[in-house]
>>> print(open('coords-v4.cif').read())   # mmCIF, C-alpha atoms
data_target
#
loop_
_atom_site.label_atom_id
_atom_site.label_comp_id
_atom_site.auth_asym_id
_atom_site.auth_seq_id
_atom_site.Cartn_x
_atom_site.Cartn_y
_atom_site.Cartn_z
CA VAL U 264 -80.78 -31.62 9.30
CA GLN U 265 -77.32 -30.05 9.42
CA ILE U 266 -75.62 -30.54 6.07
CA ALA U 267 -72.06 -29.76 4.97
CA ILE U 268 -71.38 -29.57 1.25
CA LEU U 269 -67.74 -29.91 0.29
CA GLY U 270 -67.05 -27.94 -2.89
CA THR U 271 -68.28 -24.50 -3.94
CA GLY U 272 -68.66 -25.02 -7.72
CA SER U 273 -71.93 -25.29 -9.61
CA VAL U 274 -72.78 -28.65 -8.03
CA GLY U 275 -72.11 -27.43 -4.49
CA GLN U 276 -74.00 -24.19 -5.01
CA THR U 277 -76.99 -25.91 -6.61
CA LEU U 278 -77.22 -28.48 -3.83
CA ALA U 279 -76.78 -25.78 -1.16
CA ALA U 280 -79.53 -23.54 -2.53
CA ARG U 281 -81.99 -26.40 -2.84
CA LEU U 282 -81.24 -27.88 0.58
CA ALA U 283 -81.52 -24.44 2.21
CA ASP U 284 -84.89 -23.99 0.49
CA LEU U 285 -85.89 -27.29 2.09
CA ASP U 286 -85.09 -25.73 5.49
CA HIS U 287 -81.88 -27.60 6.22
CA GLN U 288 -78.93 -25.84 7.87
CA VAL U 289 -76.41 -25.76 5.05
CA THR U 290 -72.71 -24.94 5.17
CA LEU U 291 -70.54 -24.87 2.07
CA GLY U 292 -67.07 -26.18 2.82
CA THR U 293 -63.98 -24.90 1.05
CA ARG U 294 -60.23 -25.15 1.56
CA ASP U 295 -59.70 -21.51 2.45
CA PRO U 296 -62.81 -19.31 2.87
CA ALA U 297 -60.88 -16.05 2.48
CA THR U 298 -59.47 -17.11 -0.89
CA THR U 299 -62.85 -18.43 -2.01
CA LEU U 300 -64.60 -15.18 -1.02
CA ALA U 301 -61.99 -13.06 -2.78
CA ARG U 302 -62.92 -14.47 -6.17
CA THR U 303 -65.15 -12.22 -8.28
CA GLY U 304 -67.28 -12.78 -11.36
CA PRO U 305 -68.50 -16.09 -12.75
CA ASP U 306 -65.94 -18.85 -13.37
CA ARG U 307 -65.22 -20.26 -16.83
CA TYR U 308 -68.31 -22.48 -16.58
CA GLY U 309 -70.54 -19.50 -15.80
CA THR U 310 -70.93 -20.44 -12.13
CA PRO U 311 -71.38 -17.32 -9.97
CA ALA U 312 -68.60 -16.27 -7.63
CA VAL U 313 -69.20 -17.78 -4.20
CA ALA U 314 -69.47 -14.31 -2.63
CA ASP U 315 -72.30 -13.47 -5.04
CA PHE U 316 -73.96 -16.81 -4.41
CA LEU U 317 -73.85 -16.27 -0.65
CA ALA U 318 -75.25 -12.76 -1.00
CA ALA U 319 -78.24 -14.26 -2.84
CA GLN U 320 -78.55 -17.17 -0.37
CA PRO U 321 -78.02 -15.57 3.04
CA GLN U 322 -79.12 -18.74 4.84
CA VAL U 323 -76.11 -20.66 3.47
CA ARG U 324 -72.85 -20.37 5.42
CA LEU U 325 -69.31 -20.72 4.12
CA ALA U 326 -66.59 -22.35 6.23
CA ALA U 327 -63.34 -24.24 6.00
CA PHE U 328 -63.81 -27.96 5.31
CA GLY U 329 -63.17 -28.90 8.94
CA ASP U 330 -65.53 -26.29 10.40
CA ALA U 331 -68.22 -27.12 7.86
CA ALA U 332 -68.08 -30.81 8.76
CA THR U 333 -68.29 -30.24 12.53
CA GLY U 334 -71.64 -31.49 13.76
CA ALA U 335 -72.95 -32.30 10.28
CA ASP U 336 -75.51 -35.09 10.04
CA LEU U 337 -74.81 -35.40 6.34
CA ILE U 338 -71.76 -34.45 4.31
CA ILE U 339 -72.04 -34.17 0.54
CA ASN U 340 -68.90 -34.52 -1.51
CA ALA U 341 -69.31 -32.13 -4.43
CA THR U 342 -65.64 -31.44 -5.07
CA HIS U 343 -63.83 -32.45 -8.24
CA GLY U 344 -62.98 -36.14 -8.19
CA GLU U 345 -59.23 -35.64 -7.87
CA ALA U 346 -59.74 -33.20 -4.98
CA SER U 347 -62.18 -35.38 -3.02
CA ALA U 348 -59.76 -37.32 -0.82
CA ALA U 349 -57.92 -34.12 0.18
CA ALA U 350 -61.21 -32.40 1.01
CA LEU U 351 -62.31 -35.25 3.28
CA ARG U 352 -58.87 -35.32 4.86
CA ALA U 353 -59.17 -31.57 5.54
CA ALA U 354 -62.65 -32.13 6.95
CA GLY U 355 -61.01 -34.38 9.53
CA ALA U 356 -61.15 -38.15 9.27
CA ASP U 357 -61.65 -38.47 13.04
CA GLN U 358 -64.68 -36.21 13.32
CA LEU U 359 -66.18 -37.85 10.20
CA THR U 360 -66.43 -41.23 11.91
CA GLY U 361 -70.02 -42.43 11.72
CA THR U 362 -71.12 -39.59 9.47
CA VAL U 363 -73.06 -40.24 6.28
CA VAL U 364 -71.13 -38.99 3.25
CA LEU U 365 -73.06 -38.69 0.01
CA ASP U 366 -70.59 -38.79 -2.88
CA VAL U 367 -71.97 -37.22 -6.07
CA THR U 368 -68.59 -36.89 -7.78
CA ASN U 369 -67.03 -38.70 -10.75
CA PRO U 370 -63.37 -39.60 -11.31
CA LEU U 371 -63.07 -37.54 -14.47
CA ASP U 372 -59.73 -37.00 -16.13
CA THR U 373 -60.11 -33.87 -18.26
CA THR U 374 -56.43 -33.45 -19.11
CA ASN U 375 -57.02 -34.58 -22.69
CA GLY U 376 -60.09 -32.43 -23.30
CA TYR U 377 -63.60 -33.58 -24.10
CA PRO U 378 -64.81 -36.25 -23.59
CA PRO U 379 -63.05 -36.92 -20.28
CA THR U 380 -61.82 -40.38 -19.36
CA LEU U 381 -62.01 -42.04 -15.93
CA TRP U 382 -58.91 -42.38 -13.76
CA VAL U 383 -60.44 -45.24 -11.80
CA LYS U 384 -62.90 -47.78 -13.21
CA ASP U 385 -63.87 -51.37 -13.86
CA THR U 386 -62.39 -53.14 -10.81
CA ASP U 387 -62.56 -50.12 -8.48
CA SER U 388 -64.32 -46.77 -8.18
CA LEU U 389 -63.82 -43.34 -6.66
CA ALA U 390 -66.49 -44.15 -4.09
CA GLU U 391 -64.66 -47.30 -2.99
CA GLN U 392 -61.33 -45.46 -2.88
CA LEU U 393 -62.83 -42.87 -0.54
CA GLN U 394 -64.53 -45.51 1.60
CA ARG U 395 -61.20 -47.36 1.95
CA GLU U 396 -59.31 -44.19 2.90
CA PHE U 397 -62.03 -43.13 5.36
CA PRO U 398 -63.36 -46.43 6.73
CA GLY U 399 -65.24 -44.63 9.52
CA VAL U 400 -67.61 -42.75 7.19
CA ARG U 401 -70.83 -44.28 5.91
CA LEU U 402 -70.44 -43.59 2.23
CA VAL U 403 -73.34 -43.54 -0.21
CA LYS U 404 -72.96 -42.96 -3.94
CA ALA U 405 -75.82 -41.25 -5.76
CA LEU U 406 -76.69 -38.37 -8.10
CA ASN U 407 -73.45 -38.71 -10.10
CA THR U 408 -75.35 -39.62 -13.27
CA MET U 409 -77.04 -36.34 -14.21
CA ASN U 410 -76.35 -32.58 -14.21
CA CYS U 411 -76.82 -30.67 -10.97
CA ALA U 412 -80.02 -28.92 -12.00
CA LEU U 413 -81.69 -32.32 -12.37
CA MET U 414 -80.02 -33.70 -9.24
CA VAL U 415 -82.00 -31.37 -7.02
CA ASP U 416 -85.14 -30.98 -9.15
CA PRO U 417 -85.86 -34.01 -11.35
CA GLY U 418 -89.35 -32.69 -12.04
CA GLN U 419 -87.77 -30.19 -14.48
CA LEU U 420 -87.55 -33.07 -16.97
CA ALA U 421 -90.50 -35.19 -18.12
CA GLY U 422 -92.32 -34.59 -14.87
CA GLY U 423 -89.58 -36.48 -13.03
CA ASP U 424 -90.20 -39.73 -14.91
CA HIS U 425 -86.55 -40.91 -14.91
CA SER U 426 -84.22 -42.76 -12.56
CA VAL U 427 -81.60 -42.15 -9.90
CA LEU U 428 -79.18 -44.85 -8.74
CA VAL U 429 -78.03 -45.34 -5.16
CA CYS U 430 -75.47 -47.70 -3.65
CA GLY U 431 -73.52 -48.09 -0.43
CA ASP U 432 -72.63 -50.56 2.28
CA ASP U 433 -74.69 -49.03 5.13
CA PRO U 434 -78.50 -49.47 4.89
CA ASP U 435 -79.29 -46.65 7.34
CA ALA U 436 -77.01 -44.25 5.48
CA LYS U 437 -78.75 -45.17 2.23
CA ALA U 438 -82.13 -44.61 3.89
CA LEU U 439 -81.10 -41.07 4.88
CA VAL U 440 -79.93 -40.33 1.33
CA VAL U 441 -83.13 -41.78 -0.13
CA GLU U 442 -85.11 -39.46 2.13
CA VAL U 443 -83.15 -36.47 0.77
CA LEU U 444 -83.70 -37.71 -2.79
CA ARG U 445 -87.44 -37.97 -2.22
CA SER U 446 -87.46 -34.42 -0.86
CA PHE U 447 -85.84 -33.32 -4.14
CA GLY U 448 -88.71 -34.96 -6.03
CA TRP U 449 -87.14 -38.26 -7.07
CA ARG U 450 -89.66 -41.08 -7.40
CA ASP U 451 -87.73 -43.81 -9.23
CA ILE U 452 -84.86 -44.46 -6.82
CA ILE U 453 -83.00 -47.70 -7.58
CA ASP U 454 -80.87 -49.24 -4.82
CA LEU U 455 -78.09 -51.12 -6.62
CA GLY U 456 -76.73 -52.72 -3.45
CA ASP U 457 -73.26 -52.35 -1.98
CA LEU U 458 -70.67 -49.74 -2.87
CA THR U 459 -69.01 -51.84 -5.60
CA ALA U 460 -72.02 -50.87 -7.74
CA ALA U 461 -70.43 -47.41 -7.95
CA ARG U 462 -68.19 -48.96 -10.61
CA GLY U 463 -71.30 -49.19 -12.75
CA THR U 464 -72.73 -45.76 -12.02
CA GLU U 465 -69.37 -44.03 -12.49
CA MET U 466 -68.67 -45.91 -15.74
CA TYR U 467 -72.11 -44.90 -17.05
CA VAL U 468 -70.67 -41.38 -17.17
CA ALA U 469 -68.62 -42.53 -20.17
CA LEU U 470 -71.96 -42.85 -21.97
CA TRP U 471 -73.33 -39.59 -20.49
CA VAL U 472 -70.44 -37.61 -22.00
CA ARG U 473 -71.27 -39.15 -25.41
CA LEU U 474 -74.98 -38.39 -25.08
CA PHE U 475 -74.32 -34.80 -23.97
CA PRO U 476 -73.27 -33.35 -27.35
CA VAL U 477 -76.02 -35.29 -29.16
CA VAL U 478 -79.12 -34.94 -26.98
CA GLY U 479 -77.56 -32.23 -24.81
CA GLY U 480 -79.58 -29.12 -24.16
CA ALA U 481 -77.19 -28.06 -21.35
CA GLY U 482 -77.23 -31.60 -20.03
CA GLN U 483 -80.95 -31.62 -19.29
CA PHE U 484 -81.31 -35.33 -19.93
CA ASN U 485 -81.22 -38.50 -17.89
CA ILE U 486 -81.91 -42.20 -18.23
CA LYS U 487 -85.04 -43.96 -17.14
CA VAL U 488 -84.54 -47.61 -16.35
CA VAL U 489 -87.52 -49.15 -18.13
CA ARG U 490 -88.57 -52.54 -16.70
CA VAL J 41 -80.89 -58.63 -47.84
CA GLN J 42 -78.30 -61.38 -47.43
CA ILE J 43 -77.14 -61.46 -43.82
CA ALA J 44 -74.38 -63.47 -42.15
CA ILE J 45 -74.46 -63.78 -38.37
CA LEU J 46 -71.18 -64.79 -36.79
CA GLY J 47 -71.82 -66.77 -33.61
CA THR J 48 -74.43 -69.44 -32.88
CA GLY J 49 -75.23 -68.70 -29.21
CA SER J 50 -78.43 -67.17 -27.91
CA VAL J 51 -77.68 -63.78 -29.50
CA GLY J 52 -76.91 -65.30 -32.90
CA GLN J 53 -79.94 -67.58 -32.83
CA THR J 54 -82.30 -64.81 -31.71
CA LEU J 55 -81.08 -62.43 -34.41
CA ALA J 56 -81.22 -65.19 -37.03
CA ALA J 57 -84.80 -66.20 -36.24
CA ARG J 58 -86.03 -62.62 -36.27
CA LEU J 59 -84.21 -61.63 -39.47
CA ALA J 60 -85.46 -64.78 -41.21
CA ASP J 61 -89.01 -63.89 -40.14
CA LEU J 62 -88.41 -60.51 -41.76
CA ASP J 63 -87.65 -62.36 -45.03
CA HIS J 64 -83.91 -61.86 -45.13
CA GLN J 65 -81.61 -64.66 -46.31
CA VAL J 66 -79.83 -65.56 -43.10
CA THR J 67 -76.74 -67.70 -42.60
CA LEU J 68 -75.31 -68.48 -39.18
CA GLY J 69 -71.54 -68.57 -39.30
CA THR J 70 -69.50 -70.85 -37.06
CA ARG J 71 -65.89 -72.01 -36.90
CA ASP J 72 -66.62 -75.63 -37.80
CA PRO J 73 -70.19 -76.53 -38.81
CA ALA J 74 -69.72 -80.27 -38.21
CA THR J 75 -68.61 -79.68 -34.61
CA THR J 76 -71.41 -77.15 -34.05
CA LEU J 77 -74.04 -79.57 -35.43
CA ALA J 78 -72.74 -82.44 -33.32
CA ARG J 79 -73.65 -80.65 -30.08
CA THR J 80 -76.88 -81.85 -28.46
CA GLY J 81 -79.12 -80.42 -25.77
CA PRO J 82 -79.25 -76.86 -24.51
CA ASP J 83 -75.99 -75.24 -23.38
CA ARG J 84 -75.39 -74.05 -19.82
CA TYR J 85 -77.35 -70.85 -20.50
CA GLY J 86 -80.36 -72.84 -21.75
CA THR J 87 -79.74 -71.93 -25.40
CA PRO J 88 -80.95 -74.74 -27.69
CA ALA J 89 -78.41 -76.84 -29.57
CA VAL J 90 -77.81 -75.33 -33.01
CA ALA J 91 -79.08 -78.51 -34.69
CA ASP J 92 -82.39 -78.15 -32.84
CA PHE J 93 -82.55 -74.44 -33.64
CA LEU J 94 -82.01 -75.12 -37.35
CA ALA J 95 -84.67 -77.84 -37.34
CA ALA J 96 -87.14 -75.28 -36.00
CA GLN J 97 -85.91 -72.54 -38.38
CA PRO J 98 -85.43 -74.34 -41.72
CA GLN J 99 -84.95 -71.05 -43.58
CA VAL J 100 -81.72 -70.34 -41.65
CA ARG J 101 -78.52 -71.91 -43.04
CA LEU J 102 -75.37 -72.86 -41.13
CA ALA J 103 -71.93 -72.43 -42.70
CA ALA J 104 -68.30 -71.88 -41.84
CA PHE J 105 -67.46 -68.22 -41.12
CA GLY J 106 -65.90 -67.72 -44.56
CA ASP J 107 -68.78 -69.30 -46.49
CA ALA J 108 -71.37 -67.44 -44.41
CA ALA J 109 -69.71 -64.11 -45.16
CA THR J 110 -69.47 -64.69 -48.92
CA GLY J 111 -71.86 -62.34 -50.68
CA ALA J 112 -73.32 -60.98 -47.45
CA ASP J 113 -74.67 -57.42 -47.56
CA LEU J 114 -74.55 -57.27 -43.78
CA ILE J 115 -72.47 -59.21 -41.29
CA ILE J 116 -73.48 -59.24 -37.64
CA ASN J 117 -70.83 -60.00 -35.06
CA ALA J 118 -72.60 -61.98 -32.34
CA THR J 119 -69.60 -63.96 -31.12
CA HIS J 120 -68.13 -63.58 -27.66
CA GLY J 121 -65.96 -60.47 -27.42
CA GLU J 122 -62.68 -62.33 -27.10
CA ALA J 123 -63.56 -64.50 -30.14
CA SER J 124 -64.64 -61.64 -32.40
CA ALA J 125 -61.34 -60.83 -34.10
CA ALA J 126 -60.67 -64.51 -34.85
CA ALA J 127 -64.18 -64.90 -36.29
CA LEU J 128 -63.73 -61.93 -38.63
CA ARG J 129 -60.28 -63.21 -39.60
CA ALA J 130 -61.84 -66.59 -40.43
CA ALA J 131 -64.58 -64.83 -42.39
CA GLY J 132 -61.79 -63.43 -44.58
CA ALA J 133 -60.57 -59.87 -44.25
CA ASP J 134 -60.25 -59.54 -48.04
CA GLN J 135 -63.81 -60.51 -48.88
CA LEU J 136 -65.11 -58.32 -46.05
CA THR J 137 -63.77 -55.14 -47.65
CA GLY J 138 -66.63 -52.68 -48.05
CA THR J 139 -69.08 -54.84 -46.10
CA VAL J 140 -71.16 -53.41 -43.28
CA VAL J 141 -70.38 -55.18 -40.01
CA LEU J 142 -72.82 -54.65 -37.15
CA ASP J 143 -71.03 -55.36 -33.87
CA VAL J 144 -73.42 -56.20 -31.03
CA THR J 145 -70.74 -57.70 -28.77
CA ASN J 146 -69.16 -56.51 -25.52
CA PRO J 147 -65.58 -57.00 -24.31
CA LEU J 148 -66.61 -58.92 -21.20
CA ASP J 149 -64.04 -60.61 -19.00
CA THR J 150 -65.92 -63.30 -17.08
CA THR J 151 -62.87 -65.03 -15.64
CA ASN J 152 -63.60 -63.64 -12.16
CA GLY J 153 -67.30 -64.48 -12.17
CA TYR J 154 -70.22 -62.06 -11.97
CA PRO J 155 -70.25 -59.17 -12.57
CA PRO J 156 -67.85 -59.31 -15.49
CA THR J 157 -65.27 -56.59 -16.08
CA LEU J 158 -64.23 -55.10 -19.44
CA TRP J 159 -60.90 -56.02 -21.03
CA VAL J 160 -60.90 -52.85 -23.13
CA LYS J 161 -62.44 -49.53 -22.06
CA ASP J 162 -62.11 -45.81 -21.49
CA THR J 163 -59.58 -44.82 -24.17
CA ASP J 164 -60.44 -47.64 -26.60
CA SER J 165 -63.24 -50.10 -27.31
CA LEU J 166 -63.79 -53.53 -28.83
CA ALA J 167 -65.50 -51.87 -31.80
CA GLU J 168 -62.47 -49.67 -32.46
CA GLN J 169 -60.09 -52.61 -32.05
CA LEU J 170 -62.02 -54.54 -34.70
CA GLN J 171 -62.21 -51.52 -37.01
CA ARG J 172 -58.43 -51.06 -36.73
CA GLU J 173 -57.71 -54.72 -37.45
CA PHE J 174 -60.18 -54.78 -40.37
CA PRO J 175 -59.93 -51.28 -41.85
CA GLY J 176 -61.84 -52.37 -44.96
CA VAL J 177 -65.09 -53.14 -43.15
CA ARG J 178 -67.69 -50.48 -42.39
CA LEU J 179 -68.22 -51.13 -38.73
CA VAL J 180 -71.30 -50.03 -36.81
CA LYS J 181 -71.82 -50.58 -33.10
CA ALA J 182 -75.37 -51.04 -31.86
CA LEU J 183 -77.64 -53.31 -29.80
CA ASN J 184 -74.89 -54.14 -27.26
CA THR J 185 -76.84 -52.46 -24.43
CA MET J 186 -79.76 -54.86 -23.91
CA ASN J 187 -80.54 -58.59 -23.90
CA CYS J 188 -81.11 -60.31 -27.25
CA ALA J 189 -84.87 -60.71 -26.84
CA LEU J 190 -85.19 -56.91 -26.66
CA MET J 191 -82.60 -56.36 -29.39
CA VAL J 192 -84.92 -57.88 -32.01
CA ASP J 193 -88.29 -56.99 -30.46
CA PRO J 194 -88.18 -53.84 -28.31
CA GLY J 195 -91.99 -53.74 -28.30
CA GLN J 196 -91.91 -56.57 -25.70
CA LEU J 197 -91.06 -53.89 -23.11
CA ALA J 198 -93.15 -50.78 -22.41
CA GLY J 199 -94.48 -50.78 -25.97
CA GLY J 200 -90.95 -50.11 -27.23
CA ASP J 201 -90.62 -46.79 -25.38
CA HIS J 202 -86.87 -47.06 -24.72
CA SER J 203 -83.65 -46.28 -26.56
CA VAL J 204 -81.02 -47.92 -28.75
CA LEU J 205 -77.61 -46.35 -29.38
CA VAL J 206 -75.75 -46.44 -32.70
CA CYS J 207 -72.29 -45.26 -33.65
CA GLY J 208 -69.82 -45.73 -36.47
CA ASP J 209 -67.61 -43.87 -38.91
CA ASP J 210 -69.57 -44.61 -42.11
CA PRO J 211 -72.91 -42.79 -42.52
CA ASP J 212 -74.27 -45.19 -45.17
CA ALA J 213 -73.40 -48.19 -43.02
CA LYS J 214 -75.21 -46.59 -40.09
CA ALA J 215 -78.21 -45.91 -42.33
CA LEU J 216 -78.41 -49.61 -43.24
CA VAL J 217 -78.24 -50.61 -39.58
CA VAL J 218 -80.87 -48.03 -38.64
CA GLU J 219 -83.15 -49.52 -41.29
CA VAL J 220 -82.71 -52.97 -39.71
CA LEU J 221 -83.36 -51.51 -36.24
CA ARG J 222 -86.58 -49.88 -37.46
CA SER J 223 -87.69 -53.22 -38.91
CA PHE J 224 -87.19 -54.73 -35.43
CA GLY J 225 -89.51 -52.07 -34.02
CA TRP J 226 -87.03 -49.56 -32.61
CA ARG J 227 -88.34 -46.00 -32.63
CA ASP J 228 -85.87 -44.11 -30.40
CA ILE J 229 -82.60 -44.66 -32.27
CA ILE J 230 -79.84 -42.32 -31.09
CA ASP J 231 -76.84 -41.77 -33.38
CA LEU J 232 -73.91 -41.01 -31.07
CA GLY J 233 -71.53 -40.15 -33.89
CA ASP J 234 -68.26 -41.83 -34.76
CA LEU J 235 -67.01 -45.18 -33.53
CA THR J 236 -65.20 -43.74 -30.49
CA ALA J 237 -68.68 -43.45 -28.93
CA ALA J 238 -68.55 -47.25 -28.57
CA ARG J 239 -66.39 -46.56 -25.51
CA GLY J 240 -69.50 -45.11 -23.93
CA THR J 241 -71.96 -47.80 -25.01
CA GLU J 242 -69.61 -50.63 -24.03
CA MET J 243 -68.84 -49.05 -20.64
CA TYR J 244 -72.56 -48.66 -19.99
CA VAL J 245 -72.60 -52.45 -19.73
CA ALA J 246 -70.80 -52.04 -16.37
CA LEU J 247 -74.05 -50.44 -15.18
CA TRP J 248 -76.25 -53.01 -16.97
CA VAL J 249 -74.62 -55.87 -15.06
CA ARG J 250 -75.39 -54.02 -11.80
CA LEU J 251 -79.01 -53.36 -12.79
CA PHE J 252 -79.55 -56.98 -13.90
CA PRO J 253 -79.71 -58.59 -10.42
CA VAL J 254 -81.80 -55.70 -9.07
CA VAL J 255 -84.39 -54.94 -11.76
CA GLY J 256 -83.59 -58.12 -13.72
CA GLY J 257 -86.48 -60.26 -14.79
CA ALA J 258 -84.23 -62.25 -17.16
CA GLY J 259 -82.71 -58.99 -18.37
CA GLN J 260 -85.98 -57.61 -19.73
CA PHE J 261 -85.02 -54.00 -19.05
CA ASN J 262 -83.42 -51.17 -20.93
CA ILE J 263 -82.72 -47.48 -20.61
CA LYS J 264 -84.75 -44.71 -22.15
CA VAL J 265 -82.78 -41.53 -22.72
CA VAL J 266 -85.24 -38.94 -21.43
CA ARG J 267 -84.66 -35.46 -22.89
#
>>> encode(input="coords-v4.cif", output="structure tokens")
Amino acid sequence: VQIAILGTGSVGQTLAARLADLDHQVTLGTRDPATTLARTGPDRYGTPAVADFLAAQPQVRLAAFGDAATGADLIINATHGEASAAALRAAGADQLTGTVVLDVTNPLDTTNGYPPTLWVKDTDSLAEQLQREFPGVRLVKALNTMNCALMVDPGQLAGGDHSVLVCGDDPDAKALVVEVLRSFGWRDIIDLGDLTAARGTEMYVALWVRLFPVVGGAGQFNIKVVR
Amino acid sequence: VQIAILGTGSVGQTLAARLADLDHQVTLGTRDPATTLARTGPDRYGTPAVADFLAAQPQVRLAAFGDAATGADLIINATHGEASAAALRAAGADQLTGTVVLDVTNPLDTTNGYPPTLWVKDTDSLAEQLQREFPGVRLVKALNTMNCALMVDPGQLAGGDHSVLVCGDDPDAKALVVEVLRSFGWRDIIDLGDLTAARGTEMYVALWVRLFPVVGGAGQFNIKVVR
């Protein structure tokens, strides 16, 4: 499967490395590849410079958003929440028509420090905002409720005995995402229904940011829905 | 321990029956006992009439909010969210000074049907609103993240292998609540810190209401924080 990942931070890099390991053709999308490649040293979160990441992962390509999205069977939005709409716009709304977009991002407002608040919530969600602005894409929300190490390898924690939540309006798009999740090792995949359920999974992050400093361990925790 | 429970709905009745079984002196508080006792038959949620409940639980008393609160070592707010401030006002802000108030309620707006939205969130919470209006009480938030059957008997589900979240500004008040939770059978009790963490536990309910129709079973589910 040809996969474009929008965003070159820790989430994008982690997804790219794992998906390349799983033999997908992976392209990282960024606004301006030259600028991205010019950065050196880890960023303030300790994420490697993209040039260093690519040197270690030669099977992953880097391209501008639009080039990365061309021909992709699956696009993963791993940009910051406030940059997501611009990234999809740069990827080209026209060529995205019909494409499955997996949105793993949260609408975090970090301007007032930790914990962040949400700039959309309750009666709307980032996922729904993106779906409205890009009605041609088949948007699926998933993986926004845990850190990126667990996203791609849930077996790192409790043998994978915890839950991932999926929602979206297009059943076939959800089926493709569920297939990717299974390939990551997810076993408890809960389909919450249509995309309005993203209000719930994004608002859960308000609890995640409270759990983080208490049960933290670099964010290596997740919820299991016990039923 | 002398316990006043404000609110006579399913949550109040369930807490009252369980706490009475545990040999506490339990009084259900209501706005007007005569009106409450005059109601017959189950309400629209299937909760028994209070008169029938009291007939089956003779050790539980019914009293006006103010009388119920008099002398209580612990007050549990089990009213609807929008009625909570008025109930505490009726209980008497002066006599509540120094009393531990366990708030199990969520700020649900049900005016637009299911799922409900939250009328306070993100940068504030119902728990903090109540603490600000009644600065003399020692408010603890807990048990607002599962149905009332599980609140008082977590062992009904997966042998009790799931989590309850507690927060509040007063360590001794939290310790009293934790003791009550342990007596209910809770083993994984997570202290999230000060009362601002109630923003997280109340916002989690936006996910709960999405899980309910999917994994539902009358709401017999809960999260386990796996770490």
>>> resolve_selection(input="coords-v4.cif", expression="the PyMOL selection byres ((chain U) within 6 of (chain J))", output="VMD selection string")
chain U and resid 380 385 463 to 464 466 to 467 469 to 470 484 to 490
>>> write_last_selection(input="coords-v4.cif", atoms="C-alpha atoms", output="mmCIF file, keeping the file's coordinate frame")
data_model
loop_
_atom_site.group_PDB
_atom_site.id
_atom_site.type_symbol
_atom_site.label_atom_id
_atom_site.label_comp_id
_atom_site.auth_asym_id
_atom_site.auth_seq_id
_atom_site.Cartn_x
_atom_site.Cartn_y
_atom_site.Cartn_z
ATOM 1 C CA THR U 380 -61.820 -40.380 -19.360
ATOM 2 C CA ASP U 385 -63.870 -51.370 -13.860
ATOM 3 C CA GLY U 463 -71.300 -49.190 -12.750
ATOM 4 C CA THR U 464 -72.730 -45.760 -12.020
ATOM 5 C CA MET U 466 -68.670 -45.910 -15.740
ATOM 6 C CA TYR U 467 -72.110 -44.900 -17.050
ATOM 7 C CA ALA U 469 -68.620 -42.530 -20.170
ATOM 8 C CA LEU U 470 -71.960 -42.850 -21.970
ATOM 9 C CA PHE U 484 -81.310 -35.330 -19.930
ATOM 10 C CA ASN U 485 -81.220 -38.500 -17.890
ATOM 11 C CA ILE U 486 -81.910 -42.200 -18.230
ATOM 12 C CA LYS U 487 -85.040 -43.960 -17.140
ATOM 13 C CA VAL U 488 -84.540 -47.610 -16.350
ATOM 14 C CA VAL U 489 -87.520 -49.150 -18.130
ATOM 15 C CA ARG U 490 -88.570 -52.540 -16.700
#
>>> resolve_selection(input="coords-v4.cif", expression="the PyMOL selection byres ((chain U and resi 325) around 6)", output="PyMOL selection string")
chain U and resi 290-291+324+326
>>> atom_distance(input="coords-v4.cif", atom1="CA of Val90 (chain J)", atom2="CA of Val41 (chain J)")
22.5 Å
>>> closest_residue(input="coords-v4.cif", among="J:Gly199, J:Gly208, J:Gly121, J:Gly81", to="Thr145 (chain J)", atoms="all atoms listed in the file")
J:Gly121
>>> residues_around(input="coords-v4.cif", residues="Val289 (chain U)", least_positions_apart="5", cutoff="7 Å", atoms="all atoms listed in the file", output="list of chain:residue names")
U:Gln265, U:Ile266, U:Ala267, U:Ala279, U:Leu282, U:Ala283, U:Val323, U:Arg324
>>> resolve_selection(input="coords-v4.cif", expression="the PyMOL selection byres ((chain J and resi 187) around 9)", output="PyMOL selection string")
chain J and resi 51+183-186+188-191+258-262
>>> residues_around(input="coords-v4.cif", residues="region 363-365 of chain U", least_positions_apart="3", cutoff="8 Å", atoms="all atoms listed in the file", output="PyMOL selection string")
chain U and resi 336-340+400-405+436+440
>>> write_last_selection(input="coords-v4.cif", atoms="C-alpha atoms", output="PDB file, keeping the file's coordinate frame")
ATOM      1  CA  ASP U 336     -75.510 -35.090  10.040  1.00  0.00           C
ATOM      2  CA  LEU U 337     -74.810 -35.400   6.340  1.00  0.00           C
ATOM      3  CA  ILE U 338     -71.760 -34.450   4.310  1.00  0.00           C
ATOM      4  CA  ILE U 339     -72.040 -34.170   0.540  1.00  0.00           C
ATOM      5  CA  ASN U 340     -68.900 -34.520  -1.510  1.00  0.00           C
ATOM      6  CA  VAL U 400     -67.610 -42.750   7.190  1.00  0.00           C
ATOM      7  CA  ARG U 401     -70.830 -44.280   5.910  1.00  0.00           C
ATOM      8  CA  LEU U 402     -70.440 -43.590   2.230  1.00  0.00           C
ATOM      9  CA  VAL U 403     -73.340 -43.540  -0.210  1.00  0.00           C
ATOM     10  CA  LYS U 404     -72.960 -42.960  -3.940  1.00  0.00           C
ATOM     11  CA  ALA U 405     -75.820 -41.250  -5.760  1.00  0.00           C
ATOM     12  CA  ALA U 436     -77.010 -44.250   5.480  1.00  0.00           C
ATOM     13  CA  VAL U 440     -79.930 -40.330   1.330  1.00  0.00           C
TER      14      VAL U 440
END
>>> closest_residue(input="coords-v4.cif", among="J:Ser223, J:Thr76, J:Gln171, J:Thr110", to="Gly132 (chain J)", atoms="all atoms listed in the file")
J:Thr110
